[in-house]
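Visitor: One structure, pasted below without further comment.
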Amino acid sequence: MPAALPRPAALIFDLDGTLVDTAPDLARATNELRQHHTLPALDYDVIRAEVSHGGSALVTLALGHELDHPEHASERTRLLEFYARDVAAHSVLFPGYDALIEVCERAGLPWGIVTNKPRQFAEPLIAALELTPGCLLCADDLPVKKPHPEPLWEAARCLGVDASECWYLGDHDRDMQAARAAGMLAVAVRYGYVREGDDVDAWPADVWFDTSEEVINAALRAADLR
């Protein structure tokens with residue numbers, strides 16, 4: 001990690017696996033899909049590693065249906081229906097982010113969320129967690145989504161800051177690609193939903209952190225909020 005990181009004009013987060021631990025509810029929905037087909041439940045850790053790859057990946061994991069399977073789309077719809085019943089039953093902020101957000105809001109440091117999660121799931125989740133980001137960009141808000149940089153640029157515009165002065169935090173290679181393309185500091189978190197065998201160190205990040213506590217300490221130090 002660099003000795004000193006640039007002062008952020010804003011902190012922008014990926015949602016699932018970076019800011020919020022949503023895997024418990026997505027695992028519940030995945031195993032409900034398995035149960036619907038009279039299949040035994042999968043281990044939580046197996047499902048957790050697939051969460052960042054979206055609903056289609058969870059359908060493939062649950063049923064073995066690849067994208068070209070004739071029932072893949074209908075099973076994905078079923079999975080999302082199970083998930084939508086309660087998107088925040090067990091989802092929580094990763095440790096310490098509630099305190100970081102409180103400090104940022106008190107100090108006037110803008111923060112936002114850019115996610116590839118559809119808005120119909122992101123909005124109720126954020127509302128249930130009583131989060132009030134300065135901006136929320138979801139998968140269906142623009143014609144493109146991450147790894148395209150446009151959602152990150154739009155978030156910076158919404159927050160009234162220069163993209164080059166923002167930090168973008170994420171737990172996936174596409175997050176780092178988007179951050180780099182947008183000119184933001186690309187902050188990779190290793191505690192997120194990473195598949196076994198994924199080489200996190202090969203992502204095009206500027207800095208890597210193992211825990212949310214490390215992220216928080218670095219952000220507070222860089223923003224001179226300690």
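Identifiers for the structure tokens are assigned positionally: chains receive A, B, ... in sequence, residues are indexed from 1 per chain, and ligands are indexed from 1 in the order shown.
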List every residue of stretch 6-183 of chain A that DSSP, applied to the backbone, labels as helix (DSSP H, G or I), and write the result as JSON, numbers by chain.
Guide: {"A": [23, 24, 25, 26, 27, 28, 29, 30, 31, 32, 33, 34, 35, 36, 44, 45, 46, 47, 48, 51, 52, 53, 54, 55, 56, 57, 58, 59, 60, 61, 62, 63, 72, 73, 74, 75, 76, 77, 78, 79, 80, 81, 82, 83, 84, 97, 98, 99, 100, 101, 102, 103, 104, 105, 106, 107, 119, 120, 121, 122, 123, 124, 125, 126, 127, 128, 150, 151, 152, 153, 154, 155, 156, 157, 158, 159, 163, 164, 165, 173, 174, 175, 176, 177, 178, 179, 180, 181, 182]}
Visitor: Sort by chain and increasing residue number a table of all residues of stretch 136-175 of chain A within 7 Å of stretch 181-198 of chain A, each with its closest pair of atoms and their distance in Å to one decimal, counting only C-alpha atoms, and write it as CSV.
Guide:
```
residue,atom,partner,partner_atom,distance
A:Pro149,CA,A:Ala182,CA,4.9
A:Leu152,CA,A:Ala182,CA,6.5
A:Trp153,CA,A:Ala182,CA,6.3
A:Ala163,CA,A:Met184,CA,5.8
A:Ser164,CA,A:Met184,CA,4.9
A:Glu165,CA,A:Met184,CA,6.5
A:Cys166,CA,A:Met184,CA,5.3
A:Trp167,CA,A:Leu185,CA,4.7
A:Tyr168,CA,A:Ala186,CA,5.5
A:Leu169,CA,A:Val187,CA,4.6
A:Gly170,CA,A:Ala188,CA,5.3
A:Asp171,CA,A:Val189,CA,5.1
```
Visitor: Quick one: write out the picked residues with C-alpha atoms as an mmCIF file, in the first residue's frame?
Guide:
```cif
data_model
loop_
_atom_site.group_PDB
_atom_site.id
_atom_site.type_symbol
_atom_site.label_atom_id
_atom_site.label_comp_id
_atom_site.auth_asym_id
_atom_site.auth_seq_id
_atom_site.Cartn_x
_atom_site.Cartn_y
_atom_site.Cartn_z
ATOM 1 C CA PRO A 149 -16.826 4.029 -16.564
ATOM 2 C CA LEU A 152 -18.869 6.256 -12.102
ATOM 3 C CA TRP A 153 -18.642 9.496 -14.061
ATOM 4 C CA ALA A 163 -14.039 11.991 -10.938
ATOM 5 C CA SER A 164 -10.249 12.148 -10.688
ATOM 6 C CA GLU A 165 -10.560 13.069 -7.010
ATOM 7 C CA CYS A 166 -12.880 10.175 -6.059
ATOM 8 C CA TRP A 167 -12.146 6.801 -4.556
ATOM 9 C CA TYR A 168 -14.096 3.862 -5.973
ATOM 10 C CA LEU A 169 -14.171 0.748 -3.791
ATOM 11 C CA GLY A 170 -15.081 -2.687 -5.099
ATOM 12 C CA ASP A 171 -14.650 -6.435 -4.736
#
```
Visitor: Go through stretch 19-128 of chain A and collect every residue that DSSP, computed from the backbone, puts in strand (DSSP E); the answer should be as an MDAnalysis selection string.
Guide: chainID A and resid 20:21 92:93 111:114
Visitor: Okay, now the selection with N, CA and C atoms, as a PDB file, in the first residue's frame?
Guide:
```
ATOM      1  N   VAL A  20     -22.077  -3.595   1.638  1.00  0.00           N
ATOM      2  CA  VAL A  20     -23.089  -4.394   2.342  1.00  0.00           C
ATOM      3  C   VAL A  20     -22.857  -5.874   2.096  1.00  0.00           C
ATOM      4  N   ASP A  21     -22.962  -6.643   3.160  1.00  0.00           N
ATOM      5  CA  ASP A  21     -22.870  -8.105   3.070  1.00  0.00           C
ATOM      6  C   ASP A  21     -24.264  -8.640   2.768  1.00  0.00           C
ATOM      7  N   VAL A  92     -26.308  -6.883   6.082  1.00  0.00           N
ATOM      8  CA  VAL A  92     -25.807  -5.849   7.002  1.00  0.00           C
ATOM      9  C   VAL A  92     -24.607  -5.148   6.369  1.00  0.00           C
ATOM     10  N   LEU A  93     -24.326  -3.945   6.840  1.00  0.00           N
ATOM     11  CA  LEU A  93     -23.105  -3.268   6.456  1.00  0.00           C
ATOM     12  C   LEU A  93     -21.898  -4.064   6.937  1.00  0.00           C
ATOM     13  N   TRP A 111     -20.605  10.832  -0.333  1.00  0.00           N
ATOM     14  CA  TRP A 111     -20.419   9.412  -0.611  1.00  0.00           C
ATOM     15  C   TRP A 111     -21.600   8.920  -1.438  1.00  0.00           C
ATOM     16  N   GLY A 112     -21.331   7.886  -2.224  1.00  0.00           N
ATOM     17  CA  GLY A 112     -22.380   7.343  -3.075  1.00  0.00           C
ATOM     18  C   GLY A 112     -22.161   5.872  -3.367  1.00  0.00           C
ATOM     19  N   ILE A 113     -23.069   5.320  -4.147  1.00  0.00           N
ATOM     20  CA  ILE A 113     -23.050   3.896  -4.494  1.00  0.00           C
ATOM     21  C   ILE A 113     -23.230   3.750  -5.997  1.00  0.00           C
ATOM     22  N   VAL A 114     -22.384   2.944  -6.615  1.00  0.00           N
ATOM     23  CA  VAL A 114     -22.556   2.528  -8.010  1.00  0.00           C
ATOM     24  C   VAL A 114     -22.549   1.013  -8.028  1.00  0.00           C
TER      25      VAL A 114
END
```
Visitor: Tell me which protein, DNA and RNA residues are within 10 Å of stretch 44-53 of chain A, counting only C-alpha atoms, leaving out same-chain ones fewer than 5 positions away, and put them as JSON, numbers by chain.
Guide: {"A": [15, 16, 17, 18, 21, 22, 23, 24, 26, 27, 28, 30, 31, 58, 60, 61, 62, 116, 117, 171, 172, 192, 193, 194, 195, 196]}
Visitor: Per residue of stretch 8-77 of chain A within 10 Å of stretch 129-134 of chain A, what are the shortest atom pair and its distance in Å to one decimal, counting only C-alpha atoms, with rows by chain and residue number, as a Markdown table?
Guide:
```
| residue | atom | partner | partner_atom | distance |
| --- | --- | --- | --- | --- |
| A:Ala10 | CA | A:Gly134 | CA | 9.7 |
| A:Ile12 | CA | A:Pro133 | CA | 9.2 |
| A:Phe13 | CA | A:Pro133 | CA | 9.8 |
| A:Val20 | CA | A:Leu129 | CA | 9.3 |
```
Visitor: Suppose we keep C-alpha atoms; can you now write the selection as a PDB file, in the first residue's frame?
Guide:
```
ATOM      1  CA  ALA A  10     -15.901  11.641  -2.406  1.00  0.00           C
ATOM      2  CA  ILE A  12     -18.052   5.811  -4.003  1.00  0.00           C
ATOM      3  CA  PHE A  13     -18.818   2.192  -3.178  1.00  0.00           C
ATOM      4  CA  VAL A  20     -23.089  -4.394   2.342  1.00  0.00           C
TER       5      VAL A  20
END
```
Visitor: Enter the distance from atom CA of A:Pro147 to atom CA of A:Arg180, in Å, rounded to one decimal.
Guide: 9.5 Å
Visitor: What's the 12 Å shell around A:Val103, counting only C-alpha atoms, without same-chain residues fewer than 4 positions away, as a list in words?
Guide: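 Those residues are Gly96, Tyr97, Asp98, Ala99, Ala107, Gly108, Leu109, Pro110, Trp111, Ile216, Asn217, Ala219, Leu220, Ala223, Asp224, Leu225 and Arg226 of chain A.
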Visitor: Fewer than 6 positions away in the same chain doesn't count, so skip those; otherwise give me all residues within 9 Å of stretch 73-77 of chain A, counting only C-alpha atoms, as a ChimeraX atom specification.
Guide: /A:33,55-56,58-59,63,65,67
Visitor: Export, as a PDB file, in the first residue's frame, the selected residues with N, CA and C atoms.
Guide:
```
ATOM      1  N   LEU A  33     -34.446 -21.786  -4.461  1.00  0.00           N
ATOM      2  CA  LEU A  33     -34.557 -22.283  -5.834  1.00  0.00           C
ATOM      3  C   LEU A  33     -34.198 -23.756  -5.888  1.00  0.00           C
ATOM      4  N   GLY A  55     -27.312 -12.800 -10.742  1.00  0.00           N
ATOM      5  CA  GLY A  55     -28.353 -13.811 -10.675  1.00  0.00           C
ATOM      6  C   GLY A  55     -28.151 -14.969 -11.632  1.00  0.00           C
ATOM      7  N   SER A  56     -27.656 -14.676 -12.825  1.00  0.00           N
ATOM      8  CA  SER A  56     -27.439 -15.751 -13.801  1.00  0.00           C
ATOM      9  C   SER A  56     -26.414 -16.749 -13.294  1.00  0.00           C
ATOM     10  N   LEU A  58     -25.821 -17.427 -10.204  1.00  0.00           N
ATOM     11  CA  LEU A  58     -26.436 -18.186  -9.117  1.00  0.00           C
ATOM     12  C   LEU A  58     -27.376 -19.263  -9.656  1.00  0.00           C
ATOM     13  N   VAL A  59     -28.051 -18.983 -10.762  1.00  0.00           N
ATOM     14  CA  VAL A  59     -28.888 -20.007 -11.397  1.00  0.00           C
ATOM     15  C   VAL A  59     -28.023 -21.161 -11.896  1.00  0.00           C
ATOM     16  N   LEU A  63     -28.598 -24.817 -10.374  1.00  0.00           N
ATOM     17  CA  LEU A  63     -29.259 -25.828 -11.211  1.00  0.00           C
ATOM     18  C   LEU A  63     -28.393 -26.382 -12.325  1.00  0.00           C
ATOM     19  N   HIS A  65     -27.780 -24.798 -15.021  1.00  0.00           N
ATOM     20  CA  HIS A  65     -28.275 -24.245 -16.285  1.00  0.00           C
ATOM     21  C   HIS A  65     -27.374 -23.098 -16.737  1.00  0.00           C
ATOM     22  N   LEU A  67     -26.264 -20.077 -19.532  1.00  0.00           N
ATOM     23  CA  LEU A  67     -27.073 -19.008 -20.109  1.00  0.00           C
ATOM     24  C   LEU A  67     -27.909 -19.465 -21.300  1.00  0.00           C
TER      25      LEU A  67
END
```
Visitor: With distances taken over only C-alpha atoms, which of A:Ala57, A:Ala178, A:Ala89, A:Leu80 is nearest to A:His148?
Guide: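 Under the stated criterion, the closest residue is A:Ala178.
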Visitor: Skipping near chain neighbours, those fewer than 6 positions away, what residues fall within 12 Å of A:Phe121 using only C-alpha atoms, listed as a list in words?
Guide: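 Selected residues are Leu15, Asp16, Thr22, Asp25, Leu26, Gly55, Leu80, Glu81, Phe82, Tyr83, Ala84, Arg85, Asp86, Val87, Ala88, Thr115, Ala127, Ala128, Cys138, Ala139 and Asp140 of chain A.
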Visitor: Which is closest to A:Val161 among A:Glu213, A:Ala9, A:Asp201, A:Glu105, if we use only C-alpha atoms?
Guide: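 Closest to A:Val161, using only C-alpha atoms: A:Ala9.
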